[in-house]
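Visitor: my_file.txt is reproduced in full below (compact mmCIF, C-alpha atoms).
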# COMPACT_ATOMS: atom_id res chain seq x y z
CA MET A 1 164.22 -187.87 -316.75
CA GLY A 2 167.05 -190.32 -317.61
CA THR A 3 170.78 -189.83 -317.55
CA MET A 4 173.48 -190.11 -320.15
CA THR A 5 176.78 -191.77 -319.30
CA ASN A 6 179.88 -191.93 -321.46
CA LYS A 7 181.32 -195.44 -321.63
CA GLU A 8 184.51 -196.84 -323.08
CA ILE A 9 185.47 -200.19 -324.57
CA ARG A 10 189.09 -201.22 -324.09
CA ILE A 11 190.71 -203.99 -326.04
CA GLY A 12 193.85 -205.74 -324.92
CA TYR A 13 196.14 -207.81 -327.09
CA SER A 14 199.70 -209.06 -327.22
CA GLU A 15 202.15 -207.93 -329.89
CA PHE A 16 205.12 -210.02 -330.98
CA ASP A 17 207.83 -208.92 -333.40
CA SER A 18 208.62 -212.47 -334.52
CA ILE A 19 206.73 -215.69 -335.05
CA ASP A 20 209.50 -217.35 -333.02
CA LEU A 21 208.24 -215.62 -329.86
CA LEU A 22 204.85 -217.38 -330.00
CA ASN A 23 204.29 -220.49 -327.91
CA ASP A 24 204.59 -223.80 -329.79
CA ASP A 25 200.87 -224.22 -330.53
CA ASP A 26 200.46 -220.63 -331.74
CA ARG A 27 203.65 -220.76 -333.82
CA ILE A 28 202.50 -223.95 -335.57
CA LEU A 29 199.05 -222.44 -336.20
CA ALA A 30 200.58 -219.20 -337.51
CA GLN A 31 202.89 -221.11 -339.84
CA SER A 32 199.90 -223.14 -341.06
CA ALA A 33 198.11 -219.89 -341.96
CA ILE A 34 201.20 -218.62 -343.80
CA ASP A 35 201.49 -221.94 -345.67
CA ALA A 36 197.77 -221.81 -346.52
CA MET A 37 198.38 -218.61 -348.52
CA LYS A 38 199.71 -220.88 -351.29
CA GLY A 39 196.15 -222.16 -351.85
CA SER A 40 194.83 -218.67 -352.50
CA TYR A 41 193.10 -217.99 -355.81
CA ALA A 42 193.28 -214.20 -356.14
CA PRO A 43 193.63 -213.23 -359.82
CA TYR A 44 191.71 -209.97 -359.30
CA SER A 45 192.94 -208.49 -356.01
CA LYS A 46 196.36 -210.20 -356.13
CA PHE A 47 196.07 -210.34 -352.31
CA ASN A 48 196.66 -213.81 -350.93
CA VAL A 49 195.21 -214.73 -347.55
CA GLY A 50 195.64 -217.94 -345.58
CA ALA A 51 193.82 -218.96 -342.42
CA ALA A 52 194.24 -221.86 -340.04
CA VAL A 53 191.82 -222.97 -337.33
CA ARG A 54 192.79 -225.14 -334.35
CA LEU A 55 190.06 -227.42 -333.07
CA ASP A 56 189.75 -228.50 -329.45
CA SER A 57 191.17 -231.88 -330.55
CA GLY A 58 194.37 -230.11 -331.64
CA GLU A 59 193.68 -230.72 -335.34
CA ILE A 60 194.40 -227.79 -337.66
CA ILE A 61 192.14 -226.96 -340.62
CA SER A 62 193.42 -224.47 -343.22
CA GLY A 63 191.80 -222.39 -345.92
CA ALA A 64 192.66 -219.65 -348.40
CA ASN A 65 190.74 -216.87 -350.10
CA GLN A 66 189.00 -217.84 -353.34
CA GLU A 67 188.02 -215.10 -355.79
CA ASN A 68 185.60 -215.21 -358.69
CA ALA A 69 184.88 -212.82 -361.55
CA ALA A 70 181.23 -212.87 -360.51
CA TYR A 71 181.58 -210.78 -357.36
CA PRO A 72 180.67 -211.53 -354.56
CA SER A 73 180.89 -215.24 -355.36
CA GLY A 74 184.34 -215.63 -353.81
CA LEU A 75 185.07 -216.37 -350.17
CA CYS A 76 187.57 -215.14 -347.61
CA ALA A 77 190.24 -217.47 -346.21
CA GLU A 78 188.82 -217.25 -342.70
CA ARG A 79 185.35 -218.40 -343.70
CA THR A 80 186.77 -221.06 -346.03
CA ALA A 81 188.68 -222.56 -343.08
CA MET A 82 185.89 -222.18 -340.51
CA PHE A 83 183.14 -223.53 -342.76
CA TYR A 84 185.24 -226.56 -343.69
CA ALA A 85 186.21 -227.11 -340.03
CA ASN A 86 182.56 -227.11 -338.94
CA ALA A 87 181.36 -229.17 -341.91
CA SER A 88 183.98 -231.86 -341.32
CA HIS A 89 184.01 -231.72 -337.48
CA PRO A 90 180.56 -230.44 -336.40
CA ASP A 91 180.97 -231.59 -332.80
CA SER A 92 184.34 -229.87 -332.28
CA SER A 93 185.00 -226.39 -330.92
CA MET A 94 187.30 -223.95 -332.67
CA ILE A 95 189.74 -222.63 -330.08
CA SER A 96 192.05 -220.49 -332.20
CA ILE A 97 192.35 -218.97 -335.66
CA ALA A 98 195.43 -217.50 -337.33
CA ILE A 99 195.31 -215.25 -340.40
CA ALA A 100 198.12 -214.21 -342.75
CA GLY A 101 197.98 -212.05 -345.86
CA GLY A 102 200.29 -210.64 -348.49
CA ARG A 103 201.31 -210.64 -352.13
CA ASP A 104 203.48 -213.07 -354.07
CA GLY A 105 204.25 -215.09 -350.95
CA ILE A 106 205.49 -212.04 -349.02
CA LEU A 107 203.60 -211.15 -345.86
CA CYS A 108 202.30 -207.62 -345.38
CA GLY A 109 204.33 -205.62 -342.86
CA ASN A 110 201.32 -205.13 -340.61
CA PRO A 111 198.93 -207.98 -339.86
CA ALA A 112 196.07 -208.55 -342.27
CA THR A 113 192.81 -208.00 -340.42
CA PRO A 114 189.58 -209.90 -341.10
CA CYS A 115 186.55 -208.27 -342.68
CA GLY A 116 183.37 -207.71 -340.69
CA ALA A 117 181.62 -210.75 -342.16
CA CYS A 118 184.48 -213.03 -341.11
CA ARG A 119 184.52 -211.50 -337.64
CA GLN A 120 180.82 -212.26 -337.24
CA VAL A 121 181.32 -215.86 -338.43
CA MET A 122 184.15 -216.19 -335.88
CA ALA A 123 181.74 -214.92 -333.22
CA GLU A 124 179.14 -217.49 -334.27
CA TYR A 125 181.57 -220.40 -334.01
CA GLN A 126 182.97 -219.11 -330.73
CA LYS A 127 179.42 -219.07 -329.35
CA LYS A 128 178.60 -222.48 -330.86
CA GLY A 129 181.75 -224.03 -329.40
CA GLY A 130 181.24 -222.53 -325.96
CA LEU A 131 184.94 -221.64 -325.67
CA ASP A 132 186.86 -218.42 -326.29
CA MET A 133 188.51 -218.50 -329.72
CA SER A 134 191.85 -216.69 -329.78
CA VAL A 135 192.71 -214.71 -332.90
CA ILE A 136 196.27 -214.42 -334.21
CA LEU A 137 196.88 -211.84 -336.95
CA ILE A 138 200.20 -212.26 -338.70
CA GLY A 139 202.34 -209.63 -340.37
CA ARG A 140 205.99 -209.61 -341.39
CA ASP A 141 206.92 -206.94 -338.82
CA ARG A 142 204.50 -207.79 -336.02
CA ILE A 143 201.95 -210.36 -334.88
CA TRP A 144 198.89 -209.51 -332.82
CA LYS A 145 197.18 -212.04 -330.57
CA PHE A 146 193.71 -211.46 -329.15
CA ASP A 147 192.35 -213.76 -326.45
CA LYS A 148 188.84 -213.97 -327.89
CA VAL A 149 186.76 -212.84 -330.86
CA ASP A 150 185.05 -210.20 -328.70
CA ASP A 151 188.36 -208.31 -328.72
CA ILE A 152 188.19 -207.76 -332.49
CA LEU A 153 184.41 -207.48 -332.64
CA PRO A 154 183.14 -205.53 -329.64
CA LEU A 155 179.38 -205.66 -329.09
CA ILE A 156 179.03 -208.94 -330.97
CA PHE A 157 175.63 -209.55 -332.53
CA ASP A 158 174.48 -212.49 -330.44
CA SER A 159 170.97 -211.50 -329.43
CA LEU A 160 169.27 -214.38 -331.26
The structure in this file should be written as C-alpha cells.

Guide:
Amino acid sequence: MGTMTNKEIRIGYSEFDSIDLLNDDDRILAQSAIDAMKGSYAPYSKFNVGAAVRLDSGEIISGANQENAAYPSGLCAERTAMFYANASHPDSSMISIAIAGGRDGILCGNPATPCGACRQVMAEYQKKGGLDMSVILIGRDRIWKFDKVDDILPLIFDSL
C-alpha cells in the first residue's frame, strides 16, 4: 500500500513601490514595456498591454497586444514581443521580460499578469534559451519581479 504526502509550492518574488527602485537594466526594460503600450490595438477590451524582452545581447524587443473582431485572432503583448524576438534573433536567449497594462496610458494600480498561454510561451523560450528568464510585472502602485518563469508557472509543462 502506498502513502500520501501533502506538499507545498512556495514562490518568492521582490516587490518594489516605484520603478526608480529597480536596477538600471530592469528600469530600462520596465520603461520599454510601458512605452510599448502605445502600440496596443485594443478597440474591444480598451485594455492596453506592452511587453519588452531583453535578449542575452542586451537588445530589447517590444510588443503590444493586438485585438481583432474575429476572436481569437488577436495576440497578447507578451507573445507579440517573444515571437518577434525569436523570429528576428533565433540564436539569442531571452533573459528577461517586462509587462505593463492599463487604460488610456494610465497603468493599473496592481501589476497586469500574463495569461496562461503567455506563461507557457515564456516557459518554452526559457527552456530553449537555457537561461532563467526573469519576469517583471509593472503596476502604478507596485512592481513584482520574479527570478524565473517557473515562479509564475509552477509545474511547467516541459515533458516533451

Visitor: Leaving out stretch 32-39 of chain A and any residue of its chain fewer than 5 positions from it, which residues lie within 8 Å of it when counting only C-alpha atoms, given as a PyMOL selection string?

Guide: chain A and resi 48-52+60+62-65+98-101+105

Visitor: Select, from A:Ser93, A:Ser14, A:Ser73, A:Thr80, the residue with the minimum atom-to-atom distance to A:Gly58, counting all atoms listed in the file.

Guide: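 Closest to A:Gly58 of all the choices is A:Ser93.
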
Visitor: Quote the spacing between atom CA of A:Lys145 and atom CA of A:Glu15 in Å to one decimal place.

Guide: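 Computing the Euclidean distance for atom CA of A:Lys145 and atom CA of A:Glu15 yields 6.5 Å.
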
Visitor: Fewer than 5 positions away in the same chain doesn't count, so skip those; otherwise give me all residues within 12 Å of A:Arg142, counting all atoms listed in the file, as a list in words.

Guide: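 Using all atoms listed in the file, the neighbours found are Ser14, Glu15, Phe16, Asp17, Ser18, Ile19, Asp20, Leu21, Leu22, Ala100, Leu107, Cys108, Gly109, Asn110, Pro111, Ala112, Ile136 and Leu137 of chain A.
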
Visitor: Please produce a file of the residues just selected, as a compact mmCIF listing (two decimals), keeping the file's coordinate frame, where the atoms kept are C-alpha atoms.

Guide:
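Saved to again_14.txt:
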# COMPACT_ATOMS: atom_id res chain seq x y z
CA SER A 14 199.70 -209.06 -327.22
CA GLU A 15 202.15 -207.93 -329.89
CA PHE A 16 205.12 -210.02 -330.98
CA ASP A 17 207.83 -208.92 -333.40
CA SER A 18 208.62 -212.47 -334.52
CA ILE A 19 206.73 -215.69 -335.05
CA ASP A 20 209.50 -217.35 -333.02
CA LEU A 21 208.24 -215.62 -329.86
CA LEU A 22 204.85 -217.38 -330.00
CA ALA A 100 198.12 -214.21 -342.75
CA LEU A 107 203.60 -211.15 -345.86
CA CYS A 108 202.30 -207.62 -345.38
CA GLY A 109 204.33 -205.62 -342.86
CA ASN A 110 201.32 -205.13 -340.61
CA PRO A 111 198.93 -207.98 -339.86
CA ALA A 112 196.07 -208.55 -342.27
CA ILE A 136 196.27 -214.42 -334.21
CA LEU A 137 196.88 -211.84 -336.95

Visitor: Counting only C-alpha atoms, figure out which residue out of A:Asp25, A:Leu131, A:Ala42, A:Met122 gets nearest to A:Ile152.

Guide: A:Met122

Visitor: Have a look at A:Leu153, A:Tyr44, A:Glu59, A:Glu8 and name the one nearest to A:Ser88; count all atoms listed in the file.

Guide: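 Of all the options, A:Glu59 lies closest to A:Ser88.
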
Visitor: If we count all atoms listed in the file, what is near A:Asp158 at a cut-off of 10 Å, once residues fewer than 4 positions away on the same chain are taken out, given as a ChimeraX atom specification?

Guide: /A:120,123-124,127

Visitor: So that I have them on file, write out the residues from the current selection with C-alpha atoms, as a PDB file, in the coordinates of the input.

Guide:
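Below you can see out.pdb, which holds the result:
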ATOM      1  CA  GLN A 120     180.820-212.260-337.240  1.00  0.00           C
ATOM      2  CA  ALA A 123     181.740-214.920-333.220  1.00  0.00           C
ATOM      3  CA  GLU A 124     179.140-217.490-334.270  1.00  0.00           C
ATOM      4  CA  LYS A 127     179.420-219.070-329.350  1.00  0.00           C
TER       5      LYS A 127
END

Visitor: For A:Gln31, which residue among A:Val149, A:Gly74, A:Trp144, A:Ile138 is the nearest when counting all atoms listed in the file?

Guide: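 The answer is A:Ile138, which sits nearest to A:Gln31.
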
Visitor: With distances taken over all atoms listed in the file, which of A:Gly2, A:Gly130, A:Gly102, A:Gly12 is nearest to A:Lys46?

Guide: A:Gly102

Visitor: Using atom CA of A:Cys76 and atom CA of A:Arg10 as the two end points, give the distance in Å to one decimal.

Guide: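 Taking atom CA of A:Cys76 as the start and atom CA of A:Arg10 as the end point, the length is 27.4 Å.
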
Visitor: With 6 Å of padding per side, what axis-aligned box (centre and edge lengths, Å, one decimal) covers all the listed atoms of stretch 40-44 of chain A? Give it as lines of an AutoDock Vina configuration file.

Guide:
center_x = 193.3
center_y = -214.3
center_z = -356.2
size_x = 15.1
size_y = 20.7
size_z = 19.3

Visitor: Using all atoms listed in the file, find the one residue out of A:Arg27, A:Ile106, A:Leu75, A:Arg119 that sits nearest to A:Leu155.

Guide: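 Of A:Arg27, A:Ile106, A:Leu75, A:Arg119, the one nearest A:Leu155 is A:Arg119, counting all atoms listed in the file.
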